[in-house]
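Student: Contents of model_28.cif (mmCIF, C-alpha atoms) are given next:
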data_coords
#
loop_
_atom_site.label_atom_id
_atom_site.label_comp_id
_atom_site.auth_asym_id
_atom_site.auth_seq_id
_atom_site.Cartn_x
_atom_site.Cartn_y
_atom_site.Cartn_z
CA MET K 215 12.04 -10.73 -15.13
CA LEU K 216 11.46 -14.23 -16.36
CA GLU K 217 9.03 -14.89 -19.22
CA ASN K 218 7.75 -18.17 -17.80
CA LEU K 219 6.64 -16.63 -14.49
CA LYS K 220 3.44 -15.29 -16.07
CA SER K 221 2.20 -18.87 -16.31
CA TYR K 222 2.26 -19.00 -12.50
CA PHE K 223 -0.54 -16.41 -12.41
CA HIS K 224 -4.16 -16.33 -13.59
CA LEU K 225 -3.56 -13.13 -15.57
CA ASP K 226 -5.15 -12.93 -19.03
CA SER K 227 -2.44 -13.78 -21.57
CA LYS K 228 -4.00 -11.34 -24.07
CA VAL K 229 -3.57 -8.40 -21.71
CA THR K 230 -0.37 -6.45 -21.09
CA TYR K 231 -0.68 -5.91 -17.35
CA LEU K 232 1.48 -3.01 -16.17
CA ASN K 233 -0.55 -2.05 -13.13
CA HIS K 234 0.47 -4.38 -10.33
CA GLY K 235 0.42 -1.46 -7.91
CA SER K 236 -3.36 -1.03 -7.89
CA PHE K 237 -4.58 -4.48 -6.85
CA GLY K 238 -1.62 -6.84 -7.13
CA ALA K 239 -1.88 -10.32 -8.66
CA CYS K 240 -2.04 -13.65 -6.84
CA PRO K 241 -0.02 -16.68 -8.06
CA LYS K 242 -1.83 -19.99 -8.55
CA PHE K 243 0.35 -21.54 -5.83
CA ILE K 244 -1.13 -19.17 -3.23
CA PHE K 245 -4.61 -18.92 -4.75
CA ASN K 246 -5.02 -22.72 -4.68
CA GLU K 247 -4.22 -22.67 -0.97
CA TYR K 248 -6.91 -20.02 -0.53
CA ILE K 249 -9.47 -22.21 -2.33
CA GLU K 250 -8.56 -25.22 -0.17
CA LEU K 251 -9.04 -23.14 2.98
CA GLN K 252 -12.45 -22.03 1.73
CA LYS K 253 -13.38 -25.66 1.07
CA GLU K 254 -12.29 -26.55 4.59
CA LEU K 255 -14.61 -23.84 5.89
CA GLU K 256 -17.57 -25.14 3.88
CA VAL K 257 -17.01 -28.79 4.87
CA ASN K 258 -17.60 -27.96 8.54
CA PRO K 259 -18.31 -24.25 9.13
CA VAL K 260 -18.88 -24.57 12.89
CA LYS K 261 -15.66 -26.48 13.51
CA TYR K 262 -13.71 -24.06 11.31
CA LEU K 263 -15.10 -20.82 12.76
CA ASP K 264 -15.84 -21.81 16.36
CA TYR K 265 -12.94 -24.13 17.18
CA ASP K 266 -10.11 -23.94 14.65
CA ILE K 267 -9.95 -20.33 13.57
CA GLN K 268 -8.11 -18.82 16.54
CA ASP K 269 -5.11 -21.13 16.22
CA LYS K 270 -5.10 -20.74 12.44
CA LEU K 271 -5.18 -16.94 12.70
CA LYS K 272 -2.50 -16.97 15.38
CA ASN K 273 -0.16 -19.00 13.14
CA SER K 274 -0.75 -16.66 10.22
CA LYS K 275 -0.32 -13.56 12.35
CA THR K 276 2.93 -14.93 13.71
CA ALA K 277 4.20 -15.26 10.13
CA LEU K 278 3.06 -11.70 9.42
CA ALA K 279 4.64 -10.27 12.59
CA ASN K 280 7.92 -12.06 11.91
CA PHE K 281 7.98 -10.76 8.35
CA ILE K 282 7.49 -7.10 9.33
CA ASN K 283 9.37 -7.50 12.64
CA CYS K 284 6.87 -6.52 15.30
CA ASP K 285 5.18 -8.09 18.32
CA ASN K 286 2.22 -10.38 17.52
CA ASP K 287 0.02 -8.48 19.95
CA ASP K 288 0.60 -5.18 18.15
CA VAL K 289 -0.82 -6.14 14.76
CA VAL K 290 -4.34 -7.07 13.60
CA PHE K 291 -5.81 -8.08 10.26
CA PHE K 292 -7.87 -5.77 8.06
CA PRO K 293 -9.22 -6.21 4.52
CA ASN K 294 -7.50 -3.03 3.32
CA PRO K 295 -5.71 0.08 4.60
CA THR K 296 -8.74 2.28 3.87
CA THR K 297 -10.80 0.36 6.42
CA ALA K 298 -7.92 0.30 8.90
CA MET K 299 -7.36 4.04 8.62
CA ASN K 300 -11.09 4.76 8.95
CA GLU K 301 -10.89 3.11 12.35
CA VAL K 302 -7.74 4.97 13.36
CA PHE K 303 -8.82 8.44 12.20
CA ARG K 304 -12.19 8.13 13.97
CA SER K 305 -10.42 7.16 17.19
CA LEU K 306 -8.16 10.20 17.44
CA ASN K 307 -10.52 12.52 19.37
CA LEU K 308 -9.42 15.52 17.36
CA GLU K 309 -10.81 18.90 18.38
CA LYS K 310 -11.55 22.18 16.64
CA ASN K 311 -8.45 23.72 15.00
CA ASP K 312 -6.27 20.65 15.65
CA GLU K 313 -4.09 20.03 12.59
CA ILE K 314 -3.21 16.88 10.68
CA LEU K 315 -0.06 17.52 8.66
CA SER K 316 0.40 15.56 5.44
CA THR K 317 1.43 15.97 1.79
CA ASN K 318 -0.24 16.47 -1.58
CA HIS K 319 0.82 12.92 -2.59
CA GLU K 320 -1.54 10.96 -0.34
CA TYR K 321 -4.03 8.31 -1.46
CA GLY K 322 -7.31 9.88 -2.57
CA ALA K 323 -9.61 7.65 -0.52
CA LEU K 324 -7.76 8.57 2.67
CA ASN K 325 -7.92 12.25 1.78
CA LYS K 326 -11.69 11.71 1.71
CA VAL K 327 -11.61 10.14 5.17
CA TRP K 328 -9.69 13.12 6.52
CA GLU K 329 -12.25 15.42 4.86
CA PHE K 330 -15.01 13.58 6.73
CA ILE K 331 -13.10 13.81 10.03
CA THR K 332 -12.34 17.52 9.68
CA ILE K 333 -15.96 18.38 8.89
CA LYS K 334 -17.08 16.38 11.91
CA THR K 335 -14.49 17.72 14.39
CA GLY K 336 -13.51 21.15 13.08
CA SER K 337 -9.90 20.00 12.74
CA LYS K 338 -7.77 20.90 9.71
CA TYR K 339 -6.05 18.67 7.16
CA ILE K 340 -2.90 20.41 5.95
CA GLN K 341 -1.37 19.03 2.74
CA THR K 342 2.18 20.26 2.30
CA ASP K 343 3.09 20.82 -1.35
CA ILE K 344 5.94 18.44 -2.20
CA SER K 345 7.04 19.35 -5.71
CA VAL K 346 8.29 16.99 -8.41
CA PRO K 347 10.77 15.84 -9.51
CA PHE K 348 11.33 14.64 -5.95
CA ASN K 349 15.05 14.37 -5.27
CA SER K 350 15.84 15.41 -1.70
CA SER K 351 14.96 13.89 1.67
CA GLU K 352 16.40 16.96 3.36
CA ASN K 353 14.11 19.36 1.48
CA PHE K 354 11.15 17.09 2.17
CA ILE K 355 11.76 17.05 5.93
CA ARG K 356 12.51 20.78 5.96
CA LYS K 357 9.17 21.51 4.29
CA ILE K 358 7.25 19.25 6.66
CA GLU K 359 8.98 20.64 9.74
CA SER K 360 8.27 24.22 8.67
CA ARG K 361 4.52 23.50 8.88
CA ILE K 362 4.56 22.01 12.39
CA ASN K 363 3.12 24.21 15.14
CA ASP K 364 1.46 23.83 18.53
CA LYS K 365 -1.81 22.84 16.81
CA THR K 366 -0.24 19.91 14.96
CA LYS K 367 -1.44 16.60 16.42
CA VAL K 368 -0.70 14.10 13.64
CA LEU K 369 1.92 13.55 10.94
CA PHE K 370 0.31 11.38 8.24
CA VAL K 371 2.53 10.34 5.32
CA SER K 372 2.67 7.54 2.74
CA HIS K 373 5.74 5.30 2.84
CA ILE K 374 5.34 4.75 -0.91
CA THR K 375 2.92 7.13 -2.58
CA SER K 376 0.12 5.73 -4.71
CA ALA K 377 -0.29 8.09 -7.66
CA THR K 378 3.28 9.35 -7.84
CA GLY K 379 5.05 6.09 -6.92
CA LEU K 380 7.65 7.75 -4.68
CA ILE K 381 9.41 6.23 -1.68
CA PHE K 382 9.23 8.89 1.03
CA PRO K 383 11.80 9.14 3.89
CA VAL K 384 9.38 7.99 6.58
CA LYS K 385 12.06 7.13 9.14
CA GLU K 386 12.86 10.83 9.24
CA VAL K 387 9.12 11.62 9.43
CA VAL K 388 8.73 9.33 12.44
CA ASN K 389 11.74 10.94 14.11
CA LEU K 390 10.27 14.37 13.42
CA ALA K 391 6.99 13.33 15.04
CA LYS K 392 8.86 12.18 18.13
CA LYS K 393 10.81 15.44 18.26
CA TYR K 394 7.60 17.49 18.40
CA GLY K 395 5.50 15.05 20.40
CA VAL K 396 2.92 14.39 17.68
CA LEU K 397 1.45 11.13 16.42
CA SER K 398 3.07 9.41 13.41
CA ILE K 399 0.66 7.52 11.15
CA ILE K 400 2.18 5.85 8.08
CA ASP K 401 0.28 4.54 5.06
CA GLY K 402 2.41 1.64 3.84
CA ALA K 403 -0.08 0.09 1.41
CA HIS K 404 2.60 -0.38 -1.28
CA VAL K 405 5.46 -1.40 1.02
CA PRO K 406 5.40 -5.10 2.09
CA GLY K 407 7.06 -7.16 -0.62
CA HIS K 408 8.11 -4.01 -2.48
CA ILE K 409 10.83 -2.69 -0.19
CA ASP K 410 12.07 -3.96 3.17
CA LEU K 411 9.85 -3.19 6.14
CA ASP K 412 11.12 -3.38 9.72
CA ILE K 413 8.46 -1.98 12.05
CA SER K 414 10.67 -2.24 15.14
CA GLU K 415 13.43 -0.25 13.46
CA LEU K 416 11.06 2.29 11.90
CA ASN K 417 9.16 2.64 15.21
CA PRO K 418 6.03 4.47 14.02
CA ASP K 419 3.04 5.00 16.27
CA ILE K 420 0.65 3.51 13.72
CA TYR K 421 1.32 1.74 10.41
CA THR K 422 -0.92 0.03 7.86
CA GLY K 423 0.11 -2.12 4.90
CA THR K 424 -1.20 -4.71 2.47
CA PHE K 425 -0.19 -8.23 1.57
CA HIS K 426 -2.46 -8.38 -1.50
CA LYS K 427 -0.37 -5.92 -3.51
CA TRP K 428 3.38 -6.60 -3.65
CA MET K 429 3.32 -9.64 -1.34
CA LEU K 430 1.02 -11.42 -3.88
CA SER K 431 -1.64 -12.58 -1.39
CA PRO K 432 -5.33 -12.94 -2.34
CA LYS K 433 -7.31 -9.70 -2.37
CA GLY K 434 -8.25 -8.27 1.01
CA VAL K 435 -5.20 -9.17 3.13
CA SER K 436 -3.92 -6.16 5.05
CA PHE K 437 -2.81 -5.25 8.56
CA LEU K 438 -2.82 -2.49 11.13
CA TYR K 439 0.06 -2.03 13.55
CA VAL K 440 -0.52 0.07 16.66
CA LYS K 441 2.10 0.75 19.32
CA LYS K 442 1.14 -0.87 22.64
CA GLU K 443 0.69 2.35 24.59
CA LEU K 444 -1.79 3.64 21.98
CA GLN K 445 -3.94 0.53 21.58
CA SER K 446 -6.46 1.54 24.25
CA GLN K 447 -7.24 4.68 22.22
CA ILE K 448 -8.10 2.79 19.02
CA LYS K 449 -11.78 1.89 19.05
CA PRO K 450 -12.93 -0.94 16.78
CA LEU K 451 -14.88 0.17 13.73
CA ILE K 452 -17.19 -2.82 14.23
CA ILE K 453 -18.40 -3.59 17.75
CA SER K 454 -18.86 -7.32 18.33
CA TRP K 455 -18.13 -10.11 20.82
CA GLY K 456 -14.67 -8.90 21.76
CA TYR K 457 -15.88 -5.57 23.11
CA ASN K 458 -15.66 -5.40 26.92
CA ASN K 459 -15.07 -9.14 26.92
CA GLU K 460 -15.23 -10.48 30.48
CA PHE K 461 -12.80 -13.26 29.62
CA ILE K 462 -9.96 -11.64 27.68
CA GLU K 463 -8.30 -14.39 25.67
CA GLN K 464 -5.39 -12.38 24.22
CA THR K 465 -5.30 -8.61 24.76
CA LYS K 466 -8.20 -6.17 24.64
CA PHE K 467 -6.89 -4.81 21.34
CA GLN K 468 -6.68 -8.31 19.86
CA ASP K 469 -10.04 -9.48 21.23
CA GLU K 470 -11.87 -6.48 19.81
CA HIS K 471 -10.51 -7.20 16.33
CA LEU K 472 -10.62 -11.00 16.28
CA TRP K 473 -14.31 -11.43 15.51
CA GLN K 474 -16.24 -8.66 13.77
CA GLY K 475 -19.18 -10.62 12.43
CA THR K 476 -19.43 -13.69 10.21
CA ASN K 477 -16.96 -13.45 7.36
CA ASP K 478 -14.76 -15.67 5.23
CA ILE K 479 -11.38 -14.91 6.76
CA SER K 480 -9.59 -17.71 4.90
CA LYS K 481 -7.65 -15.07 2.95
CA TYR K 482 -5.78 -14.09 6.13
CA LEU K 483 -4.60 -17.67 6.55
CA THR K 484 -2.66 -17.63 3.27
CA ILE K 485 0.20 -15.51 4.64
CA PRO K 486 2.53 -18.47 5.43
CA LYS K 487 1.99 -19.84 1.91
CA THR K 488 2.57 -16.36 0.46
CA ILE K 489 5.92 -16.07 2.23
CA GLU K 490 6.81 -19.63 1.17
CA PHE K 491 6.12 -18.78 -2.49
CA ARG K 492 8.26 -15.65 -2.38
CA GLU K 493 11.17 -17.54 -0.82
CA LYS K 494 10.84 -20.52 -3.16
CA TYR K 495 11.03 -18.33 -6.27
CA HIS K 496 13.54 -15.81 -4.87
CA TRP K 497 11.15 -12.90 -5.25
CA LYS K 498 13.54 -10.41 -3.66
CA GLU K 499 15.95 -11.00 -6.51
CA ILE K 500 13.10 -10.73 -9.00
CA SER K 501 12.18 -7.36 -7.48
CA LEU K 502 15.73 -6.12 -8.08
CA ILE K 503 15.47 -7.18 -11.73
CA CYS K 504 12.16 -5.31 -11.97
CA LYS K 505 13.71 -2.14 -10.57
CA LYS K 506 16.54 -2.40 -13.10
CA GLN K 507 13.94 -2.69 -15.87
CA ILE K 508 12.07 0.31 -14.45
CA ILE K 509 15.24 2.40 -14.58
CA GLU K 510 15.97 1.33 -18.18
CA PHE K 511 12.38 2.14 -19.17
CA GLY K 512 12.65 5.51 -17.44
CA LEU K 513 15.77 6.39 -19.41
CA VAL K 514 14.01 5.61 -22.69
CA ILE K 515 10.91 7.70 -21.98
CA LYS K 516 13.07 10.55 -20.71
CA ASN K 517 15.55 10.61 -23.59
CA GLU K 518 13.38 9.52 -26.53
CA PHE K 519 9.94 10.88 -25.56
CA ASN K 520 10.93 13.81 -23.35
CA PHE K 521 8.58 12.55 -20.64
CA ARG K 522 9.53 13.59 -17.11
CA PRO K 523 9.97 10.92 -14.39
CA LEU K 524 8.84 12.22 -10.99
CA CYS K 525 12.19 11.41 -9.35
CA ASN K 526 15.80 10.72 -10.34
CA LEU K 527 16.06 7.25 -11.82
CA ASP K 528 19.12 6.32 -9.74
CA SER K 529 17.66 7.51 -6.43
CA GLU K 530 16.41 5.74 -3.29
CA PHE K 531 12.98 7.22 -4.01
CA LEU K 532 12.29 4.75 -6.85
CA GLY K 533 11.03 1.19 -6.50
CA GLN K 534 9.05 -1.01 -8.90
CA MET K 535 6.66 1.80 -9.80
CA LEU K 536 7.56 4.78 -11.93
CA SER K 537 5.21 7.70 -12.47
CA PHE K 538 6.02 10.18 -15.20
CA ASP K 539 4.62 13.39 -16.61
CA LEU K 540 3.39 12.88 -20.17
CA ASP K 541 3.59 16.63 -20.79
CA LEU K 542 0.31 16.47 -22.73
CA LEU K 543 -2.91 18.42 -22.35
CA ILE K 544 -5.25 16.99 -19.73
CA SER K 545 -8.05 17.24 -22.29
CA LYS K 546 -6.41 14.31 -24.11
CA LEU K 547 -6.87 11.94 -21.17
CA LYS K 548 -9.93 10.18 -22.61
CA LYS K 549 -8.24 9.59 -25.97
CA ILE K 550 -5.14 8.20 -24.27
CA LYS K 551 -7.24 5.77 -22.25
CA ASN K 552 -9.02 4.65 -25.41
CA ILE K 553 -5.71 3.95 -27.19
CA LEU K 554 -4.44 1.92 -24.24
CA ARG K 555 -7.70 -0.03 -24.13
CA GLU K 556 -7.52 -0.75 -27.87
CA HIS K 557 -4.05 -2.24 -27.38
CA ASN K 558 -5.07 -4.26 -24.29
CA ILE K 559 -2.60 -2.41 -22.08
CA VAL K 560 -3.59 -2.03 -18.43
CA ILE K 561 -1.76 0.96 -16.99
CA PRO K 562 -3.13 3.93 -15.03
CA VAL K 563 -3.09 7.39 -16.58
CA PHE K 564 -4.68 10.25 -14.66
CA GLU K 565 -4.61 13.91 -13.71
CA TRP K 566 -2.49 14.89 -10.72
CA GLU K 567 -1.64 18.46 -9.73
CA ASN K 568 -2.64 19.73 -13.20
CA LYS K 569 -0.31 17.22 -14.85
CA LEU K 570 -1.15 14.20 -16.98
CA ILE K 571 0.58 11.30 -15.23
CA MET K 572 1.15 7.68 -16.24
CA ARG K 573 2.36 5.10 -13.72
CA ILE K 574 4.02 1.83 -14.72
CA SER K 575 4.38 -1.06 -12.26
CA LEU K 576 6.54 -4.07 -13.04
CA ASN K 577 6.57 -7.46 -11.37
CA GLY K 578 7.98 -10.91 -12.08
CA TYR K 579 5.30 -11.86 -14.62
CA ASN K 580 6.17 -8.93 -16.90
CA SER K 581 8.54 -9.32 -19.83
CA GLU K 582 10.60 -7.13 -22.12
CA LYS K 583 7.85 -7.69 -24.68
CA ASP K 584 5.37 -5.92 -22.38
CA ILE K 585 7.63 -2.89 -22.10
CA GLN K 586 8.25 -2.72 -25.85
CA LYS K 587 4.51 -2.88 -26.51
CA LEU K 588 3.95 0.08 -24.19
CA LEU K 589 6.75 2.06 -25.85
CA LEU K 590 5.22 1.47 -29.30
CA THR K 591 1.86 2.62 -27.98
CA LEU K 592 3.41 5.72 -26.41
CA LYS K 593 4.68 6.67 -29.87
CA LYS K 594 1.04 6.84 -30.98
CA ILE K 595 0.00 8.74 -27.86
CA ILE K 596 2.52 11.56 -28.32
CA LYS K 597 1.05 12.25 -31.76
CA LEU K 598 -2.35 13.13 -30.31
#
Just give me the structure of the file as structure tokens.
Tutor:
Amino acid sequence: MLENLKSYFHLDSKVTYLNHGSFGACPKFIFNEYIELQKELEVNPVKYLDYDIQDKLKNSKTALANFINCDNDDVVFFPNPTTAMNEVFRSLNLEKNDEILSTNHEYGALNKVWEFITIKTGSKYIQTDISVPFNSSENFIRKIESRINDKTKVLFVSHITSATGLIFPVKEVVNLAKKYGVLSIIDGAHVPGHIDLDISELNPDIYTGTFHKWMLSPKGVSFLYVKKELQSQIKPLIISWGYNNEFIEQTKFQDEHLWQGTNDISKYLTIPKTIEFREKYHWKEISLICKKQIIEFGLVIKNEFNFRPLCNLDSEFLGQMLSFDLDLLISKLKKIKNILREHNIVIPVFEWENKLIMRISLNGYNSEKDIQKLLLTLKKIIKL
């Protein structure tokens, strides 16, 4: 991590920001491009939205598709994975007693969507208990496979989990889905820009990810990938001009998602500039430095504080986020949050599976000073 990189962002210099995972942070280089695109829209809205937007979106989508290695026609823009997955889950035509097989590590908002779907359809959302510390792909796959039966219709798993910050073996999950003839749906919200993503190699049925987290785009830049043979099953959440379009300009799937009401879609056009920024400042190398710092931090909290990381620190399950068990009473959560707030430290601490968990995220704008400040604050927290 390089101290001077923080000046490239709009982040408050008085705040120790250790929560990149939640909403990301956008560099000035990219954000300025976003503002210029918005100005271009306001200078001549009709020209921008009626005449120019299709080519602009096509160029940006090409950059996106090249980055994640998939066909342009198989990916569409969404503001966030929650919206994308709402569309997908509602399109599945699940019936009574059909089962969606998942884990107890999934993102809370999407658990809520599945709750809505199961109430509506009579289907069942099965969350396999994946214990921590998480240290074995083989045990993970064995547990998932043991829950598959003739009622299982969907395997739904996070590529990188939100609360627990674990990199799950989703290639094996996708292969398992193929073996049993069920649908593989992968929540990759934390993946692009965090770890390598090759959609063609992974070959899921459906995949969603963000660019506004680890790719550093402006807020609200995400995508949905759907395999060609499944696209006719996915019904747009918003019905607009592309529905049953007599003159299909791209594909039915693309047309139905191109225009979903008047909106400022300038954010989607920043993807080429986002990729340019990451290449210019060698962000892949910066990510490796961040992971090294995460490992070093993990060793300190494990050895000096007796906190428990949720995976082995030298494993393939760890990226730039590390969640760890504070081994403190859950009743102390409010006091812990107050101490963090008093010290201007932004880091999530929450209850998960009857454990008090803290999750640190590091990116290029963080410094050793940020980590040391957190460690000093943790010394106060353990005295509660």
Student: Any chance you could work out the residue set of the PyMOL selection byres ((chain K and resi 293) around 6) here, as a ChimeraX atom specification?
Tutor: /K:292,294,434-436
Student: Given the file above and the PyMOL selection byres ((chain K and resi 503) around 12), which residues are selected, and can you give them as a list of chain:residue names?
Tutor: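 Taken over the shown coordinates, the PyMOL selection byres ((chain K and resi 503) around 12) returns K:Met215, K:Leu216, K:His496, K:Trp497, K:Lys498, K:Glu499, K:Ile500, K:Ser501, K:Leu502, K:Cys504, K:Lys505, K:Lys506, K:Gln507, K:Ile508, K:Ile509, K:Glu510, K:Gly533, K:Gln534, K:Leu576, K:Asn577, K:Gly578, K:Tyr579, K:Asn580, K:Ser581, K:Glu582.
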Student: Using only C-alpha atoms, please write the residues we just selected to a file, as a PDB file, in the coordinates of the input.
Tutor:
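Output file selection19.pdb follows:
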ATOM      1  CA  MET K 215      12.040 -10.730 -15.130  1.00  0.00           C
ATOM      2  CA  LEU K 216      11.460 -14.230 -16.360  1.00  0.00           C
ATOM      3  CA  HIS K 496      13.540 -15.810  -4.870  1.00  0.00           C
ATOM      4  CA  TRP K 497      11.150 -12.900  -5.250  1.00  0.00           C
ATOM      5  CA  LYS K 498      13.540 -10.410  -3.660  1.00  0.00           C
ATOM      6  CA  GLU K 499      15.950 -11.000  -6.510  1.00  0.00           C
ATOM      7  CA  ILE K 500      13.100 -10.730  -9.000  1.00  0.00           C
ATOM      8  CA  SER K 501      12.180  -7.360  -7.480  1.00  0.00           C
ATOM      9  CA  LEU K 502      15.730  -6.120  -8.080  1.00  0.00           C
ATOM     10  CA  CYS K 504      12.160  -5.310 -11.970  1.00  0.00           C
ATOM     11  CA  LYS K 505      13.710  -2.140 -10.570  1.00  0.00           C
ATOM     12  CA  LYS K 506      16.540  -2.400 -13.100  1.00  0.00           C
ATOM     13  CA  GLN K 507      13.940  -2.690 -15.870  1.00  0.00           C
ATOM     14  CA  ILE K 508      12.070   0.310 -14.450  1.00  0.00           C
ATOM     15  CA  ILE K 509      15.240   2.400 -14.580  1.00  0.00           C
ATOM     16  CA  GLU K 510      15.970   1.330 -18.180  1.00  0.00           C
ATOM     17  CA  GLY K 533      11.030   1.190  -6.500  1.00  0.00           C
ATOM     18  CA  GLN K 534       9.050  -1.010  -8.900  1.00  0.00           C
ATOM     19  CA  LEU K 576       6.540  -4.070 -13.040  1.00  0.00           C
ATOM     20  CA  ASN K 577       6.570  -7.460 -11.370  1.00  0.00           C
ATOM     21  CA  GLY K 578       7.980 -10.910 -12.080  1.00  0.00           C
ATOM     22  CA  TYR K 579       5.300 -11.860 -14.620  1.00  0.00           C
ATOM     23  CA  ASN K 580       6.170  -8.930 -16.900  1.00  0.00           C
ATOM     24  CA  SER K 581       8.540  -9.320 -19.830  1.00  0.00           C
ATOM     25  CA  GLU K 582      10.600  -7.130 -22.120  1.00  0.00           C
TER      26      GLU K 582
END
Student: Figure out the distance between CA of Ile515 in chain K and CA of Phe237 in chain K, please, to one decimal in Å.
Tutor: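 Separating CA of Phe237 in chain K from CA of Ile515 in chain K is a distance of 24.8 Å.
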Student: At what distance in Å, to one decimal, does CA of Asp419 in chain K lie from CA of Glu443 in chain K?
Tutor: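 So the answer is 9.0 Å.
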Student: For the provided coordinates, the residues matched by the PyMOL selection byres ((chain K and resi 370) around 7) should be stated as a VMD selection string.
Tutor: chain K and resid 314 to 316 368 to 369 371 398 to 400
Student: Using Å and a single decimal, report how far CA of Trp428 in chain K sits from CA of Val405 in chain K.
Tutor: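 Pair CA of Val405 in chain K / CA of Trp428 in chain K returns 7.3 Å.
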Student: Range 277-367 of chain K near range 468-471 of chain K within 12 Å: what's each residue's closest atom pair and its distance in Å to one decimal, counting all atoms listed in the file, ordered by chain then ascending residue number, as JSON lines?
Tutor:
{"residue": "K:Asp285", "atom": "CA", "partner": "K:Gln468", "partner_atom": "CA", "distance": 12.0}
{"residue": "K:Asn286", "atom": "CA", "partner": "K:Gln468", "partner_atom": "CA", "distance": 9.4}
{"residue": "K:Asp287", "atom": "CA", "partner": "K:Gln468", "partner_atom": "CA", "distance": 6.7}
{"residue": "K:Asp288", "atom": "CA", "partner": "K:Gln468", "partner_atom": "CA", "distance": 8.1}
{"residue": "K:Val289", "atom": "CA", "partner": "K:Gln468", "partner_atom": "CA", "distance": 8.1}
{"residue": "K:Val290", "atom": "CA", "partner": "K:His471", "partner_atom": "CA", "distance": 6.7}
{"residue": "K:Phe291", "atom": "CA", "partner": "K:His471", "partner_atom": "CA", "distance": 7.7}
{"residue": "K:Phe292", "atom": "CA", "partner": "K:His471", "partner_atom": "CA", "distance": 8.8}
{"residue": "K:Pro293", "atom": "CA", "partner": "K:His471", "partner_atom": "CA", "distance": 11.9}
{"residue": "K:Ala298", "atom": "CA", "partner": "K:His471", "partner_atom": "CA", "distance": 10.9}
{"residue": "K:Glu301", "atom": "CA", "partner": "K:His471", "partner_atom": "CA", "distance": 11.1}
Student: With C-alpha atoms retained, export the selected residues as a PDB file, in the frame of the given file.
Tutor:
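result_18.pdb written:
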ATOM      1  CA  ASP K 285       5.180  -8.090  18.320  1.00  0.00           C
ATOM      2  CA  ASN K 286       2.220 -10.380  17.520  1.00  0.00           C
ATOM      3  CA  ASP K 287       0.020  -8.480  19.950  1.00  0.00           C
ATOM      4  CA  ASP K 288       0.600  -5.180  18.150  1.00  0.00           C
ATOM      5  CA  VAL K 289      -0.820  -6.140  14.760  1.00  0.00           C
ATOM      6  CA  VAL K 290      -4.340  -7.070  13.600  1.00  0.00           C
ATOM      7  CA  PHE K 291      -5.810  -8.080  10.260  1.00  0.00           C
ATOM      8  CA  PHE K 292      -7.870  -5.770   8.060  1.00  0.00           C
ATOM      9  CA  PRO K 293      -9.220  -6.210   4.520  1.00  0.00           C
ATOM     10  CA  ALA K 298      -7.920   0.300   8.900  1.00  0.00           C
ATOM     11  CA  GLU K 301     -10.890   3.110  12.350  1.00  0.00           C
TER      12      GLU K 301
END
Student: Using only C-alpha atoms, which residue out of K:Gly395, K:Pro406, K:Pro295, K:Pro347 lies closest to Phe531 in chain K?
Tutor: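 Nearest to Phe531 in chain K: K:Pro347.
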Student: List every protein, DNA or RNA residue that has an atom no more than 9 Å from (8.6, 5.1, 10.7) in the file's coordinate frame, counting all atoms listed in the file, and report them as a PyMOL selection string.
Tutor: chain K and resi 373+383-389+398-400+412-421
Student: What are the nearest atom pairs, with distances in Å to one decimal, for all residues of range 341-434 of chain K that come at most 10 Å from range 536-559 of chain K, using only C-alpha atoms, set out by chain and rising residue number as a tab-separated table?
Tutor:
residue	atom	partner	partner_atom	distance
K:Val346	CA	K:Asp539	CA	9.7
K:Pro347	CA	K:Phe538	CA	9.3
K:Ser376	CA	K:Ser537	CA	9.5
K:Ala377	CA	K:Ser537	CA	7.3
K:Thr378	CA	K:Ser537	CA	5.3
K:Gly379	CA	K:Leu536	CA	5.8
K:Leu380	CA	K:Leu536	CA	7.8
Student: With distances taken over all atoms listed in the file, which of K:Pro562, K:Ser227, K:Phe243, K:His408 is nearest to Lys494 in chain K?
Tutor: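 Of all the options, K:Phe243 lies closest to Lys494 in chain K.
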Student: Can you tell me which residues surround Ile344 in chain K at a distance of at most 7 Å, considering all atoms listed in the file, apart from same-chain residues fewer than 5 positions away, and format the answer as a ChimeraX atom specification?
Tutor: /K:317-318,354
Student: Choose the residue, out of K:Ser274, K:Thr488, K:Ser345, K:Ser372, that has the smallest atom-to-atom separation from Glu567 in chain K; count only C-alpha atoms.
Tutor: K:Ser345
Student: So for range 291-301 of chain K, what box centre and size do we get, axis-aligned, 3 Å extra on each of the six sides, every listed atom, Å to one decimal, as lines of an AutoDock Vina configuration file?
Tutor:
center_x = -8.4
center_y = -1.7
center_z = 7.8
size_x = 11.4
size_y = 18.8
size_z = 15.0
